[in-house]
$ cat work-v4.cif   # mmCIF, C-alpha atoms
data_coords
#
loop_
_atom_site.label_atom_id
_atom_site.label_comp_id
_atom_site.auth_asym_id
_atom_site.auth_seq_id
_atom_site.Cartn_x
_atom_site.Cartn_y
_atom_site.Cartn_z
CA MET A 23 162.23 58.17 213.55
CA LEU A 24 160.20 55.30 212.02
CA ASN A 25 159.35 55.29 208.33
CA ILE A 26 157.16 52.48 207.01
CA GLU A 27 156.76 52.53 203.23
CA HIS A 28 154.40 50.20 201.33
CA LEU A 29 154.81 47.36 203.84
CA THR A 30 153.23 44.10 202.71
CA LYS A 31 153.29 40.81 204.61
CA THR A 32 151.39 37.68 203.61
CA TYR A 33 150.68 34.37 205.32
CA GLY A 34 149.78 31.92 202.58
CA ASP A 35 146.92 33.52 200.63
CA LYS A 36 146.13 36.09 203.33
CA LYS A 37 147.60 39.59 203.31
CA ALA A 38 148.14 40.37 206.98
CA VAL A 39 149.50 43.83 206.08
CA ASP A 40 148.64 45.34 202.72
CA ASP A 41 150.69 48.25 201.32
CA LEU A 42 150.95 50.10 204.65
CA SER A 43 152.78 53.42 204.88
CA LEU A 44 153.21 55.37 208.14
CA HIS A 45 155.72 57.93 209.42
CA ILE A 46 156.34 58.32 213.16
CA ARG A 47 158.43 61.38 213.96
CA PRO A 48 160.50 62.32 217.03
CA GLY A 49 158.31 63.67 219.81
CA GLU A 50 155.20 61.74 218.75
CA VAL A 51 153.10 59.24 220.66
CA TYR A 52 151.50 57.36 217.77
CA GLY A 53 148.58 55.01 218.42
CA PHE A 54 147.80 52.02 216.20
CA ILE A 55 144.19 50.84 216.37
CA GLY A 56 142.32 47.93 214.85
CA HIS A 57 140.32 44.83 215.67
CA ASN A 58 141.95 41.48 216.47
CA GLY A 59 143.66 40.16 213.36
CA ALA A 60 143.80 43.56 211.67
CA GLY A 61 147.58 43.42 211.22
CA LYS A 62 148.83 45.46 214.17
CA THR A 63 151.12 42.83 215.72
CA THR A 64 152.47 41.78 212.32
CA THR A 65 153.36 45.40 211.59
CA LEU A 66 155.10 45.89 214.94
CA LYS A 67 157.06 42.64 214.65
CA SER A 68 158.13 43.56 211.12
CA CYS A 69 159.30 46.98 212.30
CA CYS A 70 161.56 45.55 214.99
CA GLY A 71 163.05 42.80 212.81
CA ILE A 72 161.26 39.78 214.28
CA LEU A 73 159.32 39.06 211.07
CA GLN A 74 160.54 39.16 207.50
CA PHE A 75 158.14 40.90 205.13
CA ASP A 76 157.36 40.46 201.45
CA SER A 77 157.80 43.99 200.12
CA GLY A 78 158.21 47.59 201.16
CA SER A 79 160.77 49.18 203.45
CA ILE A 80 161.14 50.04 207.13
CA ARG A 81 163.70 52.59 208.29
CA ILE A 82 164.50 53.48 211.90
CA GLY A 83 166.60 56.56 212.52
CA GLY A 84 167.38 56.58 208.80
CA LYS A 85 168.67 52.98 208.74
CA SER A 86 166.99 49.97 207.13
CA ILE A 87 165.77 47.20 209.43
CA GLN A 88 166.57 44.76 206.62
CA ASP A 89 170.03 46.01 205.66
CA ASP A 90 171.30 47.13 209.07
CA PRO A 91 169.19 45.39 211.73
CA LEU A 92 171.78 45.65 214.51
CA ALA A 93 172.05 49.43 214.22
CA CYS A 94 168.26 49.70 214.28
CA LYS A 95 167.86 47.42 217.28
CA LYS A 96 170.38 49.42 219.30
CA ILE A 97 168.04 52.42 219.30
CA LEU A 98 164.67 50.69 219.65
CA ALA A 99 162.80 48.68 222.25
CA TYR A 100 159.86 46.36 221.68
CA ILE A 101 157.37 45.24 224.32
CA PRO A 102 155.09 42.42 223.11
CA ASP A 103 151.57 41.88 224.36
CA ASN A 104 152.66 38.71 226.16
CA PRO A 105 156.26 39.17 227.35
CA ASP A 106 158.41 36.07 226.85
CA LEU A 107 160.93 36.36 229.66
CA TYR A 108 163.59 34.04 231.07
CA GLU A 109 161.47 32.74 233.91
CA PHE A 110 164.26 30.83 235.68
CA LEU A 111 166.09 34.09 236.40
CA PRO A 112 165.34 36.44 239.29
CA GLY A 113 163.96 39.76 238.06
CA ILE A 114 167.16 41.66 238.89
CA LYS A 115 169.33 39.17 237.00
CA TYR A 116 167.05 39.40 233.98
CA LEU A 117 167.37 43.19 233.99
CA ASN A 118 171.15 42.97 234.32
CA PHE A 119 171.24 40.49 231.44
CA VAL A 120 169.37 42.97 229.23
CA ALA A 121 171.69 45.76 230.36
CA ASP A 122 174.68 43.59 229.42
CA VAL A 123 173.27 42.99 225.95
CA TYR A 124 172.99 46.73 225.34
CA GLY A 125 176.29 47.61 226.99
CA VAL A 126 174.76 49.79 229.71
CA SER A 127 177.31 50.76 232.37
CA ALA A 128 177.00 49.50 235.94
CA ALA A 129 176.26 52.98 237.29
CA ASP A 130 173.62 53.80 234.67
CA ARG A 131 171.82 50.48 234.97
CA GLU A 132 171.67 50.71 238.76
CA THR A 133 170.17 54.19 238.62
CA ARG A 134 167.62 53.27 235.96
CA ILE A 135 166.61 49.96 237.51
CA LEU A 136 166.07 51.57 240.91
CA ARG A 137 164.09 54.43 239.41
CA TYR A 138 161.72 52.34 237.33
CA ALA A 139 161.37 49.48 239.82
CA ASP A 140 160.31 52.02 242.44
CA LEU A 141 157.88 53.67 240.02
CA PHE A 142 156.24 50.34 239.25
CA ASP A 143 156.36 49.08 242.84
CA LEU A 144 158.51 46.12 241.82
CA THR A 145 161.66 46.70 243.86
CA ALA A 146 160.77 44.23 246.60
CA ASP A 147 160.11 41.50 244.02
CA LEU A 148 163.30 41.76 241.96
CA ALA A 149 164.98 38.98 243.96
CA GLN A 150 162.16 36.56 243.11
CA PRO A 151 162.30 34.33 240.01
CA VAL A 152 160.26 35.61 237.09
CA SER A 153 158.29 32.35 237.17
CA ALA A 154 156.71 33.56 240.44
CA TYR A 155 155.50 36.82 238.86
CA SER A 156 151.91 37.54 237.92
CA HIS A 157 151.14 38.66 234.36
CA GLY A 158 151.06 42.27 235.48
CA MET A 159 154.43 41.96 237.21
CA LYS A 160 155.94 40.40 234.09
CA GLN A 161 154.56 43.29 232.07
CA LYS A 162 156.20 45.76 234.45
CA LEU A 163 159.52 43.89 234.23
CA ALA A 164 159.33 43.95 230.43
CA VAL A 165 158.73 47.70 230.47
CA ILE A 166 161.72 48.29 232.76
CA ALA A 167 163.90 46.08 230.56
CA ALA A 168 162.85 48.09 227.52
CA LEU A 169 163.82 51.38 229.16
CA ILE A 170 167.27 50.37 230.47
CA HIS A 171 169.22 51.39 227.35
CA GLU A 172 167.19 54.58 226.82
CA PRO A 173 165.96 53.72 223.31
CA LYS A 174 164.97 56.47 220.89
CA LEU A 175 162.01 54.48 219.58
CA ILE A 176 159.73 52.34 221.74
CA MET A 177 157.20 50.00 220.11
CA MET A 178 154.57 48.35 222.28
CA ASP A 179 151.78 45.87 221.59
CA GLU A 180 148.83 46.41 223.95
CA PRO A 181 151.09 47.70 226.75
CA PHE A 182 148.32 48.39 229.27
CA VAL A 183 146.88 44.87 229.34
CA GLY A 184 147.42 43.37 232.79
CA LEU A 185 148.64 46.58 234.41
CA ASP A 186 146.88 47.91 237.49
CA PRO A 187 145.61 51.51 237.33
CA THR A 188 148.64 52.94 239.15
CA ALA A 189 151.13 51.16 236.88
CA ALA A 190 149.15 52.19 233.80
CA HIS A 191 149.28 55.81 234.95
CA GLN A 192 153.04 55.58 235.50
CA LEU A 193 153.53 54.07 232.04
CA LYS A 194 151.51 56.84 230.39
CA THR A 195 153.63 59.43 232.20
CA ILE A 196 156.85 57.72 231.08
CA MET A 197 155.59 57.58 227.49
CA ARG A 198 154.83 61.29 227.45
CA GLU A 199 158.15 62.23 229.06
CA HIS A 200 160.04 60.01 226.61
CA CYS A 201 158.52 61.83 223.64
CA ASP A 202 158.96 65.24 225.23
CA ARG A 203 162.70 64.44 225.30
CA GLY A 204 162.67 63.77 221.55
CA GLY A 205 161.94 60.06 221.50
CA ALA A 206 159.04 58.40 219.68
CA ILE A 207 156.47 55.78 220.61
CA PHE A 208 154.42 53.53 218.32
CA PHE A 209 151.92 51.34 220.15
CA SER A 210 148.82 49.31 219.51
CA THR A 211 145.84 49.43 221.82
CA HIS A 212 142.20 48.44 222.13
CA VAL A 213 141.65 51.04 224.84
CA LEU A 214 140.38 53.91 222.72
CA GLU A 215 139.96 56.26 225.68
CA VAL A 216 143.68 55.95 226.46
CA ALA A 217 144.61 56.55 222.82
CA GLU A 218 142.36 59.60 222.66
CA LYS A 219 143.96 61.21 225.72
CA LEU A 220 147.57 60.17 225.14
CA CYS A 221 148.28 60.10 221.42
CA ASP A 222 149.48 62.92 219.19
CA LYS A 223 148.59 60.89 216.11
CA VAL A 224 146.65 57.74 215.43
CA ALA A 225 146.28 55.21 212.62
CA ILE A 226 143.35 52.83 212.12
CA ILE A 227 143.96 49.55 210.29
CA LYS A 228 141.38 47.09 208.95
CA ASN A 229 142.20 43.76 207.30
CA GLY A 230 145.79 44.86 206.85
CA ARG A 231 144.96 48.14 205.12
CA LEU A 232 145.22 51.65 206.52
CA ILE A 233 141.79 53.28 206.59
CA ALA A 234 142.57 56.49 208.52
CA SER A 235 145.59 58.31 209.95
CA GLY A 236 146.64 61.73 211.12
CA THR A 237 146.53 63.91 214.20
CA MET A 238 143.87 63.09 216.75
CA ASP A 239 141.84 66.14 215.68
CA GLU A 240 142.14 65.21 212.00
CA VAL A 241 140.95 61.65 212.57
CA ARG A 242 138.14 62.23 215.03
CA GLY A 243 136.88 65.69 214.00
CA ASP A 244 134.03 66.58 216.36
CA GLN A 245 133.33 62.96 217.29
CA SER A 246 134.88 60.63 219.82
CA LEU A 247 137.60 58.27 218.64
CA GLU A 248 135.31 55.35 219.46
CA ASP A 249 132.56 56.73 217.22
CA VAL A 250 135.01 57.27 214.36
CA PHE A 251 136.48 53.79 214.75
CA LEU A 252 133.07 52.09 214.72
CA GLU A 253 131.91 54.22 211.80
CA LEU A 254 134.98 53.43 209.71
CA GLU A 255 134.78 49.74 210.59
CA GLY A 256 131.15 49.73 209.46
CA GLU A 257 131.95 51.47 206.18
CA VAL A 258 134.70 49.01 205.35
CA ASN A 259 132.53 46.02 206.25
CA ALA A 260 129.72 47.40 204.09
#
$ encode --input "work-v4.cif" --output "structure tokens"
Amino acid sequence: MLNIEHLTKTYGDKKAVDDLSLHIRPGEVYGFIGHNGAGKTTTLKSCCGILQFDSGSIRIGGKSIQDDPLACKKILAYIPDNPDLYEFLPGIKYLNFVADVYGVSAADRETRILRYADLFDLTADLAQPVSAYSHGMKQKLAVIAALIHEPKLIMMDEPFVGLDPTAAHQLKTIMREHCDRGGAIFFSTHVLEVAEKLCDKVAIIKNGRLIASGTMDEVRGDQSLEDVFLELEGEVNA
């Protein structure tokens, strides 16, 4: 579903991502872990075509994000850590705008909006302008917008930040169901307990370089994911 090969991205003299290769397959919830500034957001933004990169290749559903970005973007959704929404629009008009962009039919969008707005307890607020939403409500709206066109690949940057426990539980359920239907999810998180329970595979990045990846059992062995992460971080720093 998502093939990253030898991805390198620099900012001036700093390599934000350094020769990174990862493969996320259909059916996988893939966690991406690292400290602040490790290169997670740069990787995600490169994968969805927001950032140009220096070398390497990124393919989504077999198509290159560089050579055929429109085809790639039709089958993916990206949820940033701080959703940048059109705040002058009411929530429902924002969702309809997104549905228009992706060519979602009136019947399909109505069904999906009602379903997800009810799940996230946002239905009563859809008539309000986005500017009146709390951070958590904006995060919920961004999630609903990402799901409207039923993407095959969903990429998320710290998706649980700002969500209340009920909304976080609903999102985890949606993520699992999405992958059980053959989709794929690639997301960054600092919440290692969530990654440990939810992810099929995980990758740990440090200073732009991959330091561990594989199935959860392969990466953590008989330790907790937190212990492995701290141990690997310490080894790299040493």
$ atom_distance --input "work-v4.cif" --atom1 "atom CA of A:Tyr33" --atom2 "atom CA of A:Ile227"
17.3 Å
$ resolve_selection --input "work-v4.cif" --expression "the PyMOL selection byres ((chain A and resi 191-201) around 7)" --output "list in words"
Pro48, Gly49, Glu50, Val51, Leu141, Pro187, Thr188, Ala189, Ala190, Asp202, Arg203, Gly204, Gly205 and Ala206 of chain A
$ write_last_selection --input "work-v4.cif" --atoms "C-alpha atoms" --output "CSV table (one decimal), in the coordinates of the input"
chain,number,residue,atom,x,y,z
A,48,PRO,CA,160.5,62.3,217.0
A,49,GLY,CA,158.3,63.7,219.8
A,50,GLU,CA,155.2,61.7,218.8
A,51,VAL,CA,153.1,59.2,220.7
A,141,LEU,CA,157.9,53.7,240.0
A,187,PRO,CA,145.6,51.5,237.3
A,188,THR,CA,148.6,52.9,239.2
A,189,ALA,CA,151.1,51.2,236.9
A,190,ALA,CA,149.2,52.2,233.8
A,202,ASP,CA,159.0,65.2,225.2
A,203,ARG,CA,162.7,64.4,225.3
A,204,GLY,CA,162.7,63.8,221.6
A,205,GLY,CA,161.9,60.1,221.5
A,206,ALA,CA,159.0,58.4,219.7
$ residues_near_point --input "work-v4.cif" --point "(149.2, 46.9, 226.6)" --cutoff "9 Å" --atoms "all atoms listed in the file" --output "list in words"
Ile101, Pro102, Asp103, Asn104, Gln161, Met178, Asp179, Glu180, Pro181, Phe182, Val183, Gly184, Leu185, Ala190, Phe209, Ser210, Thr211, His212 and Val213 of chain A
$ write_last_selection --input "work-v4.cif" --atoms "C-alpha atoms" --output "PDB file, in the coordinates of the input"
ATOM      1  CA  ILE A 101     157.370  45.240 224.320  1.00  0.00           C
ATOM      2  CA  PRO A 102     155.090  42.420 223.110  1.00  0.00           C
ATOM      3  CA  ASP A 103     151.570  41.880 224.360  1.00  0.00           C
ATOM      4  CA  ASN A 104     152.660  38.710 226.160  1.00  0.00           C
ATOM      5  CA  GLN A 161     154.560  43.290 232.070  1.00  0.00           C
ATOM      6  CA  MET A 178     154.570  48.350 222.280  1.00  0.00           C
ATOM      7  CA  ASP A 179     151.780  45.870 221.590  1.00  0.00           C
ATOM      8  CA  GLU A 180     148.830  46.410 223.950  1.00  0.00           C
ATOM      9  CA  PRO A 181     151.090  47.700 226.750  1.00  0.00           C
ATOM     10  CA  PHE A 182     148.320  48.390 229.270  1.00  0.00           C
ATOM     11  CA  VAL A 183     146.880  44.870 229.340  1.00  0.00           C
ATOM     12  CA  GLY A 184     147.420  43.370 232.790  1.00  0.00           C
ATOM     13  CA  LEU A 185     148.640  46.580 234.410  1.00  0.00           C
ATOM     14  CA  ALA A 190     149.150  52.190 233.800  1.00  0.00           C
ATOM     15  CA  PHE A 209     151.920  51.340 220.150  1.00  0.00           C
ATOM     16  CA  SER A 210     148.820  49.310 219.510  1.00  0.00           C
ATOM     17  CA  THR A 211     145.840  49.430 221.820  1.00  0.00           C
ATOM     18  CA  HIS A 212     142.200  48.440 222.130  1.00  0.00           C
ATOM     19  CA  VAL A 213     141.650  51.040 224.840  1.00  0.00           C
TER      20      VAL A 213
END
$ residues_around --input "work-v4.cif" --residues "A:Ser68" --least-positions-apart "5" --cutoff "9 Å" --atoms "only C-alpha atoms" --output "list in words"
Leu29, Lys31, Thr63, Leu73, Gln74, Phe75, Ile80 and Ile87 of chain A
$ atom_distance --input "work-v4.cif" --atom1 "atom CA of A:Cys221" --atom2 "atom CA of A:Gly53"
5.9 Å
$ resolve_selection --input "work-v4.cif" --expression "the PyMOL selection byres ((chain A and resi 69) around 9)" --output "PyMOL selection string"
chain A and resi 24+26+64-68+70-73+80-82+87+177
$ atom_distance --input "work-v4.cif" --atom1 "atom CA of A:Phe208" --atom2 "atom CA of A:Thr30"
18.3 Å
$ resolve_selection --input "work-v4.cif" --expression "the PyMOL selection byres ((chain A and resi 239) around 12)" --output "list in words"
Glu218, Lys219, Cys221, Asp222, Lys223, Val224, Ser235, Gly236, Thr237, Met238, Glu240, Val241, Arg242, Gly243, Asp244, Gln245, Ser246, Leu247 and Val250 of chain A
$ axis_aligned_box --input "work-v4.cif" --around "stretch 132-146 of chain A" --padding-each-side "4 Å" --output "AutoDock Vina command-line options"
--center_x 164.0 --center_y 49.3 --center_z 241.3 --size_x 23.4 --size_y 18.2 --size_z 18.6
$ residues_around --input "work-v4.cif" --residues "A:Ser153" --least-positions-apart "2" --cutoff "12 Å" --atoms "all atoms listed in the file" --output "number ranges by chain"
A: 106-113, 116, 147-151, 155-157, 159-160, 163
$ write_last_selection --input "work-v4.cif" --atoms "C-alpha atoms" --output "PDB file, in the frame of the given file"
ATOM      1  CA  ASP A 106     158.410  36.070 226.850  1.00  0.00           C
ATOM      2  CA  LEU A 107     160.930  36.360 229.660  1.00  0.00           C
ATOM      3  CA  TYR A 108     163.590  34.040 231.070  1.00  0.00           C
ATOM      4  CA  GLU A 109     161.470  32.740 233.910  1.00  0.00           C
ATOM      5  CA  PHE A 110     164.260  30.830 235.680  1.00  0.00           C
ATOM      6  CA  LEU A 111     166.090  34.090 236.400  1.00  0.00           C
ATOM      7  CA  PRO A 112     165.340  36.440 239.290  1.00  0.00           C
ATOM      8  CA  GLY A 113     163.960  39.760 238.060  1.00  0.00           C
ATOM      9  CA  TYR A 116     167.050  39.400 233.980  1.00  0.00           C
ATOM     10  CA  ASP A 147     160.110  41.500 244.020  1.00  0.00           C
ATOM     11  CA  LEU A 148     163.300  41.760 241.960  1.00  0.00           C
ATOM     12  CA  ALA A 149     164.980  38.980 243.960  1.00  0.00           C
ATOM     13  CA  GLN A 150     162.160  36.560 243.110  1.00  0.00           C
ATOM     14  CA  PRO A 151     162.300  34.330 240.010  1.00  0.00           C
ATOM     15  CA  TYR A 155     155.500  36.820 238.860  1.00  0.00           C
ATOM     16  CA  SER A 156     151.910  37.540 237.920  1.00  0.00           C
ATOM     17  CA  HIS A 157     151.140  38.660 234.360  1.00  0.00           C
ATOM     18  CA  MET A 159     154.430  41.960 237.210  1.00  0.00           C
ATOM     19  CA  LYS A 160     155.940  40.400 234.090  1.00  0.00           C
ATOM     20  CA  LEU A 163     159.520  43.890 234.230  1.00  0.00           C
TER      21      LEU A 163
END
$ closest_residue --input "work-v4.cif" --among "A:Lys115, A:Arg231, A:Lys36, A:Lys174" --to "A:Cys94" --atoms "only C-alpha atoms"
A:Lys174
$ closest_residue --input "work-v4.cif" --among "A:Leu98, A:Ile55, A:Ile46, A:Ala93" --to "A:Glu172" --atoms "all atoms listed in the file"
A:Leu98
$ residues_near_point --input "work-v4.cif" --point "(166.2, 46.5, 237.8)" --cutoff "9 Å" --atoms "all atoms listed in the file" --output "list in words"
Gly113, Ile114, Lys115, Tyr116, Leu117, Asn118, Arg131, Glu132, Thr133, Arg134, Ile135, Leu136, Arg137, Tyr138, Ala139, Leu144, Thr145, Leu148, Leu163, Ile166, Ala167 and Ile170 of chain A
$ closest_residue --input "work-v4.cif" --among "A:Asp186, A:Ala225, A:Asp249, A:Leu169" --to "A:Tyr100" --atoms "all atoms listed in the file"
A:Leu169
$ closest_residue --input "work-v4.cif" --among "A:Phe119, A:Asn58, A:Lys162, A:Ser127" --to "A:Asp143" --atoms "all atoms listed in the file"
A:Lys162
